[in-house]
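Q: Just passing along the structure, written as structure tokens.
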Amino acid sequence: MKIEFSSLSNILNGDTYQLRKDHTIENIFIDSRNAIANNKNLFVAIKGERHDGHHFIDELYSKGIRNFIIDQDFNLRNYPDANFFKAHNSVDALQALAGHKRKSFNGLLISITGSNGKTIVKEWLGKLIESVYSVYRSPRSFNSQVGVPLSLWHLNHYQDYAIIEAGISKMGEMEKLEAIVKPNIGIYTNLGTAHDEGFPSLEEKANQKAQLFKDASTIIFCKDFPEISNALHNLPKLEEKEFIGWSFEDNTSNYFVETEERENGTAIRIPYNEQFHIFHAPFKDYASLENITHCLLLLLHQGLPIKVIQNTLNDIRPLNMRLETKKGKNNTYLVDDSYNNDLVGLDTALQFFAQQKQYQKRIIILSDLLETGLRSDVLYQQLSERLASENIDLVIGIGKEILTLEKFYEGKLKIFPDTVSFLEYEKGNPFQEALILIKGARKFNFESIVQRLEQKIHGTVLEIDLNKITHNLNFYRSRLKPNVKTMVMVKAFAYGSSSHEIANWLEFQNVDYLAVAYADEGVVLRQHGIQLPIMVMNPDPRSFDLLHQYNLEPELYSESIFKDYANYTRNQNNPLKIHLKLDTGMHRLGFESNEILILKDLLKQNTQLKVASIFSHLAASDEALHNGFSAQQAMSFKKSADEIVDFLGYKPLLHLLNSPGISRFPDYQFDMVRLGIGLYGVDPTGLHAGQLKSVSILKTVISQVKHIKKGETIGYARKGFANEDIKTATISIGYADGFNRKFSQGVGKVKINGKLAPVIGNVCMDMTMVDVSDIDCNAGDEVIVFGDDPNISDMARAIETIPYEILTNISERVKRVFYAE
Ligand SMILES: *Cc1c(COP(=O)(O)O)cnc(C)c1O
């Protein structure tokens, strides 16, 4: 179905402006950062709590975007070649447009809601159905008020089935989604009991979700959740609905599902149409069994051949939807995405890839696409258009189908018939200094490519979840008054997380400033393409050349360093940005209040220096005991800063607060705040229980398991002692990795297969022994050193230090892996 911009006024309420030239709308986007310069794309400007899409129209117009939906008054004169549609509300308009598209979809639409498992059920179902039919599923977990319409936009006439996921967080939202999704069949996965802010009660939450199936003809759900059953039976037009309410518990139920554990999975016995069907599923855990039962009942309902179902079921695996980024060999950086590779799935990977600025050269390794239902030349022509807009230096295609790309793609392209022949070619080390996106369908076994290209260090990894960084960043930002800027401290390897990856992500999240401790840290950021302004807190005179060369801004904190820098820059014509640090009581670095006169004098003589900011640092912002002192510091800061600002005649940014300061002193935000540890989910104030997410997980592996006889000793200095016969595990982490030696002798505990194992004996340089007498475990099993539990704060407390030290001590030899959804 083609939708012209000019026809929007027939579909939506609102008015069209300009239209010097009409355009066919092929794609819709709402995040200005994902713009693909193309006059077939439509940007919907949405005003959210902190973001306003309207602010990006200027930038998007200059990039070549020509179609906009807006809901505010706007000066259109500056954009003569663009078309605007002014709606009453942009989100409503986006939904209505998607609803229009939905109406012309003639396939069967299955929609999924529930507290957990939506995405897994969607993906598994997709995989099971696609062995027979052409099926579309909404990308990743696009299930919100804007995610659902963006999903529906990709419905197409050639798809037999569409599977759309829908989630809500407050009252009234499902009604809106129902109106546009209009599912034929519903799956209600389950209901969590967690307290939900958005709903008055669990019953009401169940009812709200059930609204999605108001007009559905068939609904599959698990009767073992009584609130779901009740909610569904409260829907209108019950007599027109078919309920497939199955149960693991109630043997009087028509759909009593029995399971029996087998060696390599579980047998599932499902009654359907007066017959029993037994399937074998390759997993044993409850959640997976619940999810797959929903899928199986749907397939039985749709009459898919039992044999086909069983065959595909054997290949069902846990889902990995995360994009993983890590260092590769020969100075490369890998982005590994094993999620679906249909065209829509590819889009999200390409967007993430485009955000990575660390290397100039870009390579994509891609297998045949699995888009079902499209003719291969149409499919590869579309792929070619998509790739052409991405500035890719080399595309490597693997498979028999992707050869078709040669007909359309004009950039550099190399095709291999299979993964093995590509690996053979790779032996010549063809890639250097490049970003590489690896995206293949599962049957192409791209894991072997990742393994080959990856930089190998050892079994200990620090996993960093970028989405959780965004969550924490937004949490702190939501506490800021309008227009207060955010500087993020990425000193000390971004608190141990590795700085340029974090900085790149923060730049994409539009933070305003970065700060590092030393010039060389700033240089690394610039060498990896970071363009944000960067403040350097300890600018040694020997580093001035670097500051200059890499456009880094020094903090000047004393008369002597000021004079050094002033001398160095004396003959500069262009103004150079500096930051002035005032000492208001921390007594670390900074001009004291009695030096303000000297400072003014220095500024007067050095007009080549432009003060970008004036700041100070609170000595005890996390402790209520010192609130009086903090207030004194703030007053003294304001007084001195005002005096300097008056003298300067222009207004630099003033800033005072670090993370705990942001939590505790909203009145002292001034123009900017300096976020540090809070970004990683550590809250020194204890005020935000449950609101921050811990960002990193430190993992290692068991190298060996030993049975130790009563009376034997373990490790150096024979400090570990077996009071009885015990079992120990030797794990691959020691104090050289940052696992402090103070964790020796039971002070530290790690988690293995869900249970805590205390350190036994002394921590060694590269290894540690832990007591696993009560834990079922083997060599090769995963060990969690910290994550949600134990968390970094628990660990710090155990050895009487602070979380900052635990994080920043993780040594560089520990490999960092980044995840994003
Ligand atoms: C490190 C640092 C911060 C950040 O502190 P957190 O407690 O980690 O938020 C802020 N300001 C200065 C001057 C710093 O050195």
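How things are named: the first chain in the structure tokens is A, the next is B, and so on; residues count from 1 in each chain; ligands count from 1 in the order shown.
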Show me, as a Markdown table, the residues of chain A having an atom within 9 Å of ligand 1, each with the closest atom pair and its distance in Å, using only C-alpha atoms and all ligand atoms.
A:
```
| residue | atom | partner | partner_atom_place_in_ligand_line | distance |
| --- | --- | --- | --- | --- |
| A:Met487 | CA | ligand 1 | 10 (C) | 8.8 |
| A:Val488 | CA | ligand 1 | 4 (C) | 7.7 |
| A:Met489 | CA | ligand 1 | 4 (C) | 5.8 |
| A:Val490 | CA | ligand 1 | 1 (C) | 8.3 |
| A:Lys491 | CA | ligand 1 | 1 (C) | 7.1 |
| A:Tyr495 | CA | ligand 1 | 8 (O) | 8.3 |
| A:Ala515 | CA | ligand 1 | 14 (C) | 8.5 |
| A:Val516 | CA | ligand 1 | 15 (O) | 8.5 |
| A:Ala517 | CA | ligand 1 | 15 (O) | 7.5 |
| A:Met537 | CA | ligand 1 | 13 (C) | 7.5 |
| A:Lys581 | CA | ligand 1 | 13 (C) | 8.6 |
| A:Phe615 | CA | ligand 1 | 13 (C) | 8.3 |
| A:Ser616 | CA | ligand 1 | 13 (C) | 7.1 |
| A:His617 | CA | ligand 1 | 13 (C) | 5.5 |
| A:Leu618 | CA | ligand 1 | 11 (N) | 8.3 |
| A:Ser621 | CA | ligand 1 | 7 (O) | 8.5 |
| A:Asp622 | CA | ligand 1 | 7 (O) | 8.6 |
| A:Leu656 | CA | ligand 1 | 11 (N) | 7.5 |
| A:Leu657 | CA | ligand 1 | 10 (C) | 6.7 |
| A:Asn658 | CA | ligand 1 | 9 (O) | 4.0 |
| A:Ser659 | CA | ligand 1 | 9 (O) | 3.5 |
| A:Pro660 | CA | ligand 1 | 7 (O) | 6.1 |
| A:Gly661 | CA | ligand 1 | 9 (O) | 7.7 |
| A:Ile662 | CA | ligand 1 | 9 (O) | 8.4 |
| A:Val673 | CA | ligand 1 | 10 (C) | 8.1 |
| A:Arg674 | CA | ligand 1 | 10 (C) | 4.9 |
| A:Leu675 | CA | ligand 1 | 9 (O) | 4.6 |
| A:Gly676 | CA | ligand 1 | 9 (O) | 3.3 |
| A:Ile677 | CA | ligand 1 | 8 (O) | 3.7 |
| A:Gly678 | CA | ligand 1 | 9 (O) | 6.0 |
| A:Leu679 | CA | ligand 1 | 9 (O) | 8.0 |
| A:Val682 | CA | ligand 1 | 8 (O) | 9.0 |
| A:Asp683 | CA | ligand 1 | 7 (O) | 8.9 |
| A:Pro684 | CA | ligand 1 | 7 (O) | 7.7 |
| A:Tyr804 | CA | ligand 1 | 8 (O) | 7.4 |
```
Q: Would you return as a VMD selection string the members of range 588-620 of chain A that DSSP assigns to helix (DSSP H, G or I) on this structure's backbone?
A: chain A and resid 593 to 605
Q: As a PyMOL selection string, please: the residues near Trp246 in chain A (cut-off 6 Å, only C-alpha atoms, same-chain neighbours under 6 positions excluded).
A: chain A and resi 222-223+255-256
Q: Give the strand (DSSP E or B) residues of range 81-186 of chain A, as DSSP finds them on the backbone, and put them as a PyMOL selection string.
A: chain A and resi 83-87+108-113+135-137+161-165+185-186
